[in-house]
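Below is model.pdb, which holds PDB, C-alpha atoms.
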ATOM      1  CA  MET A 173      18.147 -30.464  28.981  1.00  0.00           C
ATOM      2  CA  ILE A 174      20.132 -31.702  25.985  1.00  0.00           C
ATOM      3  CA  LEU A 175      19.070 -30.430  22.571  1.00  0.00           C
ATOM      4  CA  LEU A 176      19.924 -32.966  19.879  1.00  0.00           C
ATOM      5  CA  VAL A 177      19.919 -31.284  16.465  1.00  0.00           C
ATOM      6  CA  ASP A 178      18.909 -33.948  13.957  1.00  0.00           C
ATOM      7  CA  HIS A 179      20.330 -34.106  10.423  1.00  0.00           C
ATOM      8  CA  GLN A 180      18.003 -36.977   9.495  1.00  0.00           C
ATOM      9  CA  ASP A 181      20.520 -39.674  10.279  1.00  0.00           C
ATOM     10  CA  SER A 182      19.753 -43.285  11.077  1.00  0.00           C
ATOM     11  CA  PHE A 183      21.919 -43.032  14.214  1.00  0.00           C
ATOM     12  CA  THR A 184      19.988 -40.156  15.782  1.00  0.00           C
ATOM     13  CA  ARG A 185      17.729 -42.375  17.914  1.00  0.00           C
ATOM     14  CA  ASN A 186      20.688 -44.447  19.114  1.00  0.00           C
ATOM     15  CA  LEU A 187      22.413 -41.229  20.068  1.00  0.00           C
ATOM     16  CA  GLU A 188      19.279 -40.000  21.857  1.00  0.00           C
ATOM     17  CA  HIS A 189      19.249 -43.237  23.852  1.00  0.00           C
ATOM     18  CA  LEU A 190      22.873 -42.740  24.943  1.00  0.00           C
ATOM     19  CA  LEU A 191      22.373 -39.073  25.843  1.00  0.00           C
ATOM     20  CA  SER A 192      19.238 -39.829  27.843  1.00  0.00           C
ATOM     21  CA  ARG A 193      21.418 -41.571  30.430  1.00  0.00           C
ATOM     22  CA  PHE A 194      22.635 -38.122  31.449  1.00  0.00           C
ATOM     23  CA  ASP A 195      19.666 -35.748  31.089  1.00  0.00           C
ATOM     24  CA  SER A 196      16.346 -35.239  29.352  1.00  0.00           C
ATOM     25  CA  VAL A 197      16.778 -35.015  25.576  1.00  0.00           C
ATOM     26  CA  GLU A 198      14.811 -32.990  23.043  1.00  0.00           C
ATOM     27  CA  VAL A 199      15.324 -34.099  19.432  1.00  0.00           C
ATOM     28  CA  ARG A 200      14.583 -31.445  16.804  1.00  0.00           C
ATOM     29  CA  ASP A 201      15.149 -31.307  13.079  1.00  0.00           C
ATOM     30  CA  ARG A 202      17.837 -28.794  12.121  1.00  0.00           C
ATOM     31  CA  LEU A 203      15.185 -26.732  10.289  1.00  0.00           C
ATOM     32  CA  SER A 204      12.901 -26.536  13.331  1.00  0.00           C
ATOM     33  CA  LEU A 205      14.776 -25.015  16.246  1.00  0.00           C
ATOM     34  CA  PRO A 206      12.560 -22.588  18.169  1.00  0.00           C
ATOM     35  CA  ALA A 207      14.473 -19.968  20.145  1.00  0.00           C
ATOM     36  CA  SER A 208      12.698 -20.912  23.372  1.00  0.00           C
ATOM     37  CA  LEU A 209      13.988 -24.482  23.100  1.00  0.00           C
ATOM     38  CA  VAL A 210      17.518 -23.404  22.160  1.00  0.00           C
ATOM     39  CA  ASN A 211      17.623 -20.971  25.084  1.00  0.00           C
ATOM     40  CA  SER A 212      16.498 -23.617  27.579  1.00  0.00           C
ATOM     41  CA  ALA A 213      19.143 -26.158  26.502  1.00  0.00           C
ATOM     42  CA  ASN A 214      22.254 -26.453  28.658  1.00  0.00           C
ATOM     43  CA  PHE A 215      24.011 -28.687  26.125  1.00  0.00           C
ATOM     44  CA  ILE A 216      23.619 -28.933  22.335  1.00  0.00           C
ATOM     45  CA  VAL A 217      24.592 -31.999  20.281  1.00  0.00           C
ATOM     46  CA  LEU A 218      24.895 -31.853  16.491  1.00  0.00           C
ATOM     47  CA  SER A 219      23.986 -35.264  15.119  1.00  0.00           C
ATOM     48  CA  PRO A 220      25.643 -37.261  12.363  1.00  0.00           C
ATOM     49  CA  GLY A 221      24.100 -37.053   8.907  1.00  0.00           C
ATOM     50  CA  PRO A 222      24.648 -37.630   5.197  1.00  0.00           C
ATOM     51  CA  GLY A 223      26.482 -35.255   2.876  1.00  0.00           C
ATOM     52  CA  THR A 224      28.990 -32.521   3.648  1.00  0.00           C
ATOM     53  CA  PRO A 225      28.905 -29.562   6.046  1.00  0.00           C
ATOM     54  CA  SER A 226      28.220 -27.244   3.105  1.00  0.00           C
ATOM     55  CA  ASP A 227      24.929 -29.096   2.579  1.00  0.00           C
ATOM     56  CA  TYR A 228      23.731 -27.665   5.891  1.00  0.00           C
ATOM     57  CA  PRO A 229      23.996 -23.854   5.741  1.00  0.00           C
ATOM     58  CA  GLU A 230      21.249 -23.544   8.355  1.00  0.00           C
ATOM     59  CA  THR A 231      23.256 -25.570  10.868  1.00  0.00           C
ATOM     60  CA  LEU A 232      26.407 -23.573  10.119  1.00  0.00           C
ATOM     61  CA  GLU A 233      24.458 -20.378  10.765  1.00  0.00           C
ATOM     62  CA  PHE A 234      22.925 -21.853  13.918  1.00  0.00           C
ATOM     63  CA  THR A 235      26.304 -22.838  15.354  1.00  0.00           C
ATOM     64  CA  GLU A 236      27.638 -19.321  14.775  1.00  0.00           C
ATOM     65  CA  LYS A 237      24.777 -17.975  16.899  1.00  0.00           C
ATOM     66  CA  VAL A 238      25.238 -20.361  19.828  1.00  0.00           C
ATOM     67  CA  LYS A 239      29.019 -20.921  19.900  1.00  0.00           C
ATOM     68  CA  GLY A 240      30.430 -19.583  23.137  1.00  0.00           C
ATOM     69  CA  LYS A 241      26.965 -19.281  24.697  1.00  0.00           C
ATOM     70  CA  THR A 242      25.922 -22.924  25.036  1.00  0.00           C
ATOM     71  CA  PRO A 243      28.255 -25.950  25.098  1.00  0.00           C
ATOM     72  CA  ILE A 244      28.226 -27.891  21.818  1.00  0.00           C
ATOM     73  CA  LEU A 245      29.261 -31.426  20.921  1.00  0.00           C
ATOM     74  CA  GLY A 246      29.451 -32.334  17.236  1.00  0.00           C
ATOM     75  CA  ILE A 247      29.409 -36.000  16.226  1.00  0.00           C
ATOM     76  CA  CYS A 248      30.645 -37.163  12.796  1.00  0.00           C
ATOM     77  CA  LEU A 249      28.942 -34.621  10.491  1.00  0.00           C
ATOM     78  CA  GLY A 250      28.631 -32.408  13.580  1.00  0.00           C
ATOM     79  CA  PHE A 251      32.402 -32.660  14.120  1.00  0.00           C
ATOM     80  CA  GLN A 252      32.955 -31.571  10.512  1.00  0.00           C
ATOM     81  CA  LEU A 253      30.396 -28.747  10.757  1.00  0.00           C
ATOM     82  CA  LEU A 254      32.103 -27.279  13.805  1.00  0.00           C
ATOM     83  CA  LEU A 255      35.606 -27.502  12.389  1.00  0.00           C
ATOM     84  CA  GLN A 256      34.545 -26.063   9.019  1.00  0.00           C
ATOM     85  CA  SER A 257      32.912 -23.159  10.843  1.00  0.00           C
ATOM     86  CA  GLU A 258      36.236 -22.604  12.605  1.00  0.00           C
ATOM     87  CA  GLY A 259      38.237 -22.452   9.360  1.00  0.00           C
ATOM     88  CA  ALA A 260      39.196 -26.056   8.609  1.00  0.00           C
ATOM     89  CA  ARG A 261      38.563 -27.659   5.218  1.00  0.00           C
ATOM     90  CA  ILE A 262      36.651 -30.914   4.883  1.00  0.00           C
ATOM     91  CA  VAL A 263      37.745 -33.230   2.072  1.00  0.00           C
ATOM     92  CA  ARG A 264      37.083 -36.761   0.810  1.00  0.00           C
ATOM     93  CA  GLN A 265      39.322 -39.362   2.379  1.00  0.00           C
ATOM     94  CA  ALA A 266      41.092 -42.073   0.446  1.00  0.00           C
ATOM     95  CA  GLN A 267      39.277 -44.878   2.250  1.00  0.00           C
ATOM     96  CA  VAL A 268      35.582 -44.882   3.172  1.00  0.00           C
ATOM     97  CA  LEU A 269      35.097 -46.086   6.732  1.00  0.00           C
ATOM     98  CA  HIS A 270      31.541 -47.288   7.204  1.00  0.00           C
ATOM     99  CA  GLY A 271      30.824 -49.528  10.140  1.00  0.00           C
ATOM    100  CA  VAL A 272      34.536 -50.012  10.759  1.00  0.00           C
ATOM    101  CA  GLU A 273      36.143 -50.383  14.179  1.00  0.00           C
ATOM    102  CA  THR A 274      39.542 -48.691  14.315  1.00  0.00           C
ATOM    103  CA  GLU A 275      42.031 -47.720  16.954  1.00  0.00           C
ATOM    104  CA  ILE A 276      42.628 -44.055  17.718  1.00  0.00           C
ATOM    105  CA  ALA A 277      45.492 -42.439  19.606  1.00  0.00           C
ATOM    106  CA  THR A 278      44.134 -40.121  22.305  1.00  0.00           C
ATOM    107  CA  VAL A 279      45.539 -37.317  24.424  1.00  0.00           C
ATOM    108  CA  PRO A 280      44.805 -38.817  27.862  1.00  0.00           C
ATOM    109  CA  SER A 281      45.304 -35.451  29.597  1.00  0.00           C
ATOM    110  CA  SER A 282      42.445 -33.908  27.588  1.00  0.00           C
ATOM    111  CA  MET A 283      39.028 -33.529  29.180  1.00  0.00           C
ATOM    112  CA  THR A 284      37.470 -35.817  26.577  1.00  0.00           C
ATOM    113  CA  TYR A 285      39.696 -38.789  27.422  1.00  0.00           C
ATOM    114  CA  GLN A 286      40.043 -38.442  31.206  1.00  0.00           C
ATOM    115  CA  GLY A 287      40.492 -41.889  32.728  1.00  0.00           C
ATOM    116  CA  LEU A 288      40.711 -43.575  29.325  1.00  0.00           C
ATOM    117  CA  PRO A 289      43.689 -45.340  27.744  1.00  0.00           C
ATOM    118  CA  PRO A 290      45.961 -43.716  25.131  1.00  0.00           C
ATOM    119  CA  LEU A 291      44.655 -46.154  22.500  1.00  0.00           C
ATOM    120  CA  LEU A 292      40.894 -46.570  22.118  1.00  0.00           C
ATOM    121  CA  ARG A 293      38.679 -48.643  19.809  1.00  0.00           C
ATOM    122  CA  VAL A 294      35.891 -46.630  18.153  1.00  0.00           C
ATOM    123  CA  GLY A 295      33.217 -47.043  15.477  1.00  0.00           C
ATOM    124  CA  ARG A 296      33.756 -45.034  12.299  1.00  0.00           C
ATOM    125  CA  TYR A 297      31.128 -44.203   9.669  1.00  0.00           C
ATOM    126  CA  HIS A 298      32.476 -41.498   7.367  1.00  0.00           C
ATOM    127  CA  SER A 299      33.876 -40.766   3.921  1.00  0.00           C
ATOM    128  CA  LEU A 300      35.113 -37.232   4.717  1.00  0.00           C
ATOM    129  CA  GLN A 301      37.949 -35.971   6.869  1.00  0.00           C
ATOM    130  CA  VAL A 302      39.586 -32.769   7.979  1.00  0.00           C
ATOM    131  CA  GLU A 303      42.354 -31.710   5.638  1.00  0.00           C
ATOM    132  CA  ASN A 304      45.505 -31.849   7.760  1.00  0.00           C
ATOM    133  CA  LYS A 305      47.014 -28.681   6.267  1.00  0.00           C
ATOM    134  CA  SER A 306      43.972 -26.674   7.329  1.00  0.00           C
ATOM    135  CA  ILE A 307      44.376 -27.532  11.024  1.00  0.00           C
ATOM    136  CA  SER A 308      46.889 -24.697  11.334  1.00  0.00           C
ATOM    137  CA  GLU A 309      44.112 -22.269  10.405  1.00  0.00           C
ATOM    138  CA  LEU A 310      42.005 -23.157  13.454  1.00  0.00           C
ATOM    139  CA  PRO A 311      41.873 -20.775  16.441  1.00  0.00           C
ATOM    140  CA  SER A 312      44.531 -21.413  19.081  1.00  0.00           C
ATOM    141  CA  SER A 313      41.841 -22.451  21.571  1.00  0.00           C
ATOM    142  CA  VAL A 314      40.937 -25.505  19.444  1.00  0.00           C
ATOM    143  CA  HIS A 315      43.036 -28.526  20.414  1.00  0.00           C
ATOM    144  CA  ILE A 316      43.121 -31.840  18.564  1.00  0.00           C
ATOM    145  CA  THR A 317      42.628 -34.547  21.200  1.00  0.00           C
ATOM    146  CA  ALA A 318      42.872 -37.754  19.135  1.00  0.00           C
ATOM    147  CA  HIS A 319      43.975 -38.910  15.713  1.00  0.00           C
ATOM    148  CA  ASP A 320      43.947 -41.988  13.555  1.00  0.00           C
ATOM    149  CA  PRO A 321      47.525 -43.302  13.863  1.00  0.00           C
ATOM    150  CA  ILE A 322      47.391 -45.084  10.492  1.00  0.00           C
ATOM    151  CA  ARG A 323      45.720 -42.431   8.332  1.00  0.00           C
ATOM    152  CA  LYS A 324      47.216 -39.513  10.320  1.00  0.00           C
ATOM    153  CA  VAL A 325      43.972 -37.532  10.511  1.00  0.00           C
ATOM    154  CA  PRO A 326      42.350 -35.873  13.543  1.00  0.00           C
ATOM    155  CA  VAL A 327      39.285 -37.593  14.964  1.00  0.00           C
ATOM    156  CA  SER A 328      38.414 -35.393  17.942  1.00  0.00           C
ATOM    157  CA  PHE A 329      38.942 -31.906  19.298  1.00  0.00           C
ATOM    158  CA  GLU A 330      38.041 -29.714  22.235  1.00  0.00           C
ATOM    159  CA  ASP A 331      37.921 -25.987  22.883  1.00  0.00           C
ATOM    160  CA  LEU A 332      37.621 -25.522  26.625  1.00  0.00           C
ATOM    161  CA  GLU A 333      37.316 -21.737  26.372  1.00  0.00           C
ATOM    162  CA  ARG A 334      34.085 -21.913  24.366  1.00  0.00           C
ATOM    163  CA  LYS A 335      33.103 -25.456  25.417  1.00  0.00           C
ATOM    164  CA  LEU A 336      33.145 -26.894  21.909  1.00  0.00           C
ATOM    165  CA  PHE A 337      33.800 -30.600  21.428  1.00  0.00           C
ATOM    166  CA  GLY A 338      33.841 -32.850  18.389  1.00  0.00           C
ATOM    167  CA  LEU A 339      34.089 -36.580  17.678  1.00  0.00           C
ATOM    168  CA  GLN A 340      34.580 -37.856  14.125  1.00  0.00           C
ATOM    169  CA  TYR A 341      33.468 -41.292  15.303  1.00  0.00           C
ATOM    170  CA  HIS A 342      30.202 -42.521  16.846  1.00  0.00           C
ATOM    171  CA  PRO A 343      30.129 -42.828  20.661  1.00  0.00           C
ATOM    172  CA  GLU A 344      26.655 -44.418  20.448  1.00  0.00           C
ATOM    173  CA  SER A 345      27.916 -47.276  18.251  1.00  0.00           C
ATOM    174  CA  PHE A 346      28.439 -50.711  19.798  1.00  0.00           C
ATOM    175  CA  LEU A 347      31.865 -50.555  18.125  1.00  0.00           C
ATOM    176  CA  THR A 348      32.916 -47.740  20.496  1.00  0.00           C
ATOM    177  CA  SER A 349      33.828 -49.424  23.747  1.00  0.00           C
ATOM    178  CA  GLU A 350      33.814 -46.320  25.973  1.00  0.00           C
ATOM    179  CA  GLY A 351      30.988 -44.278  24.436  1.00  0.00           C
ATOM    180  CA  SER A 352      29.221 -43.617  27.722  1.00  0.00           C
ATOM    181  CA  THR A 353      32.424 -42.508  29.449  1.00  0.00           C
ATOM    182  CA  LEU A 354      33.223 -40.151  26.576  1.00  0.00           C
ATOM    183  CA  ILE A 355      29.834 -38.432  26.872  1.00  0.00           C
ATOM    184  CA  LYS A 356      30.185 -38.294  30.650  1.00  0.00           C
ATOM    185  CA  ASN A 357      33.622 -36.648  30.370  1.00  0.00           C
ATOM    186  CA  ILE A 358      32.486 -34.100  27.792  1.00  0.00           C
ATOM    187  CA  ARG A 359      29.303 -33.263  29.649  1.00  0.00           C
ATOM    188  CA  HIS A 360      31.247 -32.819  32.874  1.00  0.00           C
ATOM    189  CA  ALA A 361      33.695 -30.483  31.127  1.00  0.00           C
ATOM    190  CA  CYS A 362      30.809 -28.499  29.626  1.00  0.00           C
ATOM    191  CA  LEU A 363      28.623 -28.213  32.686  1.00  0.00           C
ATOM    192  CA  ASP A 364      31.048 -28.066  35.594  1.00  0.00           C
ATOM    193  CA  GLU A 365      30.432 -24.331  35.958  1.00  0.00           C
ATOM    194  CA  ILE A 366      26.708 -24.172  35.208  1.00  0.00           C
ATOM    195  CA  GLY A 367      25.401 -27.413  36.755  1.00  0.00           C
TER     196      GLY A 367
END

Target format structure tokens, applied to this file:
Amino acid sequence: MILLVDHQDSFTRNLEHLLSRFDSVEVRDRLSLPASLVNSANFIVLSPGPGTPSDYPETLEFTEKVKGKTPILGICLGFQLLLQSEGARIVRQAQVLHGVETEIATVPSSMTYQGLPPLLRVGRYHSLQVENKSISELPSSVHITAHDPIRKVPVSFEDLERKLFGLQYHPESFLTSEGSTLIKNIRHACLDEIG
């Protein structure tokens, strides 16, 4: 079962639809996460949402409890939440990208981009980014797996040791050409040992 932690974002139901291709999905508000449900999930997805990671102290606390125990994928806000919890700083970017299709440069050897080309078109909906200087403060197990070649900012990461993944873009958006393959790759990397 996939637990989709909802930050009251308009994309949550689209994301649920995409995830349901791979397993049953339980959608729960970030403030209503019963332990029994969390413990029965084999994969946790942190949804997009408005605001900054600091606006969601409950989710930051939640991720600290489950990191390393249950695989986690963070999308957009979820990507930022995970990286902030790992020591990165999240800052405003010079250009707001809302409903914009851009090209990203991937690391094809990463688990996230297995079988995908080195340049990929994705849908972006964000006004925040990871501060590049703070990337050096991340644990050595966290690897940046794609970046925006124009703006020179990271847009995805993976930590295979703790099965943490993050996408700054929206795989459920029609602007992301390989959204289903991305989820399939990440889920395979997360669940290859536990089924």

(request) I would like the residues chosen by the PyMOL selection byres ((chain A and resi 288-302) around 8) on the shown file; could you give them as number ranges by chain? (result) A: 224, 248, 252, 255, 260-265, 267-280, 285-287, 303-304, 306-307, 325-326, 340-343, 345-349

Okay, now the selection with C-alpha atoms, as an mmCIF file, in the coordinates of the input?
data_model
loop_
_atom_site.group_PDB
_atom_site.id
_atom_site.type_symbol
_atom_site.label_atom_id
_atom_site.label_comp_id
_atom_site.auth_asym_id
_atom_site.auth_seq_id
_atom_site.Cartn_x
_atom_site.Cartn_y
_atom_site.Cartn_z
ATOM 1 C CA THR A 224 28.990 -32.521 3.648
ATOM 2 C CA CYS A 248 30.645 -37.163 12.796
ATOM 3 C CA GLN A 252 32.955 -31.571 10.512
ATOM 4 C CA LEU A 255 35.606 -27.502 12.389
ATOM 5 C CA ALA A 260 39.196 -26.056 8.609
ATOM 6 C CA ARG A 261 38.563 -27.659 5.218
ATOM 7 C CA ILE A 262 36.651 -30.914 4.883
ATOM 8 C CA VAL A 263 37.745 -33.230 2.072
ATOM 9 C CA ARG A 264 37.083 -36.761 0.810
ATOM 10 C CA GLN A 265 39.322 -39.362 2.379
ATOM 11 C CA GLN A 267 39.277 -44.878 2.250
ATOM 12 C CA VAL A 268 35.582 -44.882 3.172
ATOM 13 C CA LEU A 269 35.097 -46.086 6.732
ATOM 14 C CA HIS A 270 31.541 -47.288 7.204
ATOM 15 C CA GLY A 271 30.824 -49.528 10.140
ATOM 16 C CA VAL A 272 34.536 -50.012 10.759
ATOM 17 C CA GLU A 273 36.143 -50.383 14.179
ATOM 18 C CA THR A 274 39.542 -48.691 14.315
ATOM 19 C CA GLU A 275 42.031 -47.720 16.954
ATOM 20 C CA ILE A 276 42.628 -44.055 17.718
ATOM 21 C CA ALA A 277 45.492 -42.439 19.606
ATOM 22 C CA THR A 278 44.134 -40.121 22.305
ATOM 23 C CA VAL A 279 45.539 -37.317 24.424
ATOM 24 C CA PRO A 280 44.805 -38.817 27.862
ATOM 25 C CA TYR A 285 39.696 -38.789 27.422
ATOM 26 C CA GLN A 286 40.043 -38.442 31.206
ATOM 27 C CA GLY A 287 40.492 -41.889 32.728
ATOM 28 C CA GLU A 303 42.354 -31.710 5.638
ATOM 29 C CA ASN A 304 45.505 -31.849 7.760
ATOM 30 C CA SER A 306 43.972 -26.674 7.329
ATOM 31 C CA ILE A 307 44.376 -27.532 11.024
ATOM 32 C CA VAL A 325 43.972 -37.532 10.511
ATOM 33 C CA PRO A 326 42.350 -35.873 13.543
ATOM 34 C CA GLN A 340 34.580 -37.856 14.125
ATOM 35 C CA TYR A 341 33.468 -41.292 15.303
ATOM 36 C CA HIS A 342 30.202 -42.521 16.846
ATOM 37 C CA PRO A 343 30.129 -42.828 20.661
ATOM 38 C CA SER A 345 27.916 -47.276 18.251
ATOM 39 C CA PHE A 346 28.439 -50.711 19.798
ATOM 40 C CA LEU A 347 31.865 -50.555 18.125
ATOM 41 C CA THR A 348 32.916 -47.740 20.496
ATOM 42 C CA SER A 349 33.828 -49.424 23.747
#

(request) Could you list the residues chosen by the PyMOL selection byres ((chain A and resi 174) around 12) in this structure as number ranges by chain? (result) A: 173, 175-177, 187-200, 209-218, 242-245, 355, 359, 362-363

(message) Could you tell me how far CA of Ser328 (chain A) sits from CA of Asn186 (chain A), in Å to one decimal place?
(response)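 We find that CA of Asn186 (chain A) and CA of Ser328 (chain A) lie 19.9 Å from each other.
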
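Distance-wise, CA of Tyr228 (chain A) and CA of Leu205 (chain A) end up 13.9 Å apart.
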
(message) Under the rule that only C-alpha atoms are counted, which of A:Arg202, A:Ile247, A:Arg185, A:Leu253 is the nearest residue to Glu230 (chain A)?
(response) A:Arg202

As lines of an AutoDock Vina configuration file, what would the box around region 212-228 of chain A look like: edges along x, y and z, 3 Å added on every side, centre and edge lengths in Å to one decimal?
center_x = 22.7
center_y = -30.6
center_z = 15.6
size_x = 18.5
size_y = 20.0
size_z = 32.1

(request) Would you work out the distance separating CA of Ser226 (chain A) from CA of Glu333 (chain A), expressed in Å to one decimal? (result) 25.6 Å

(message) Would you pick out the contacts of Thr235 (chain A) at 9 Å or less, using only C-alpha atoms, so that residues sharing its chain but fewer than 2 positions from it are not included, and give the list as JSON, numbers by chain?
(response) {"A": [230, 231, 232, 233, 237, 238, 239, 244, 253, 254, 257]}

(request) Run the PyMOL selection byres ((chain A and resi 330) around 6) on the file and write out the hits as a PyMOL selection string. (result) chain A and resi 314-315+329+331+336-337
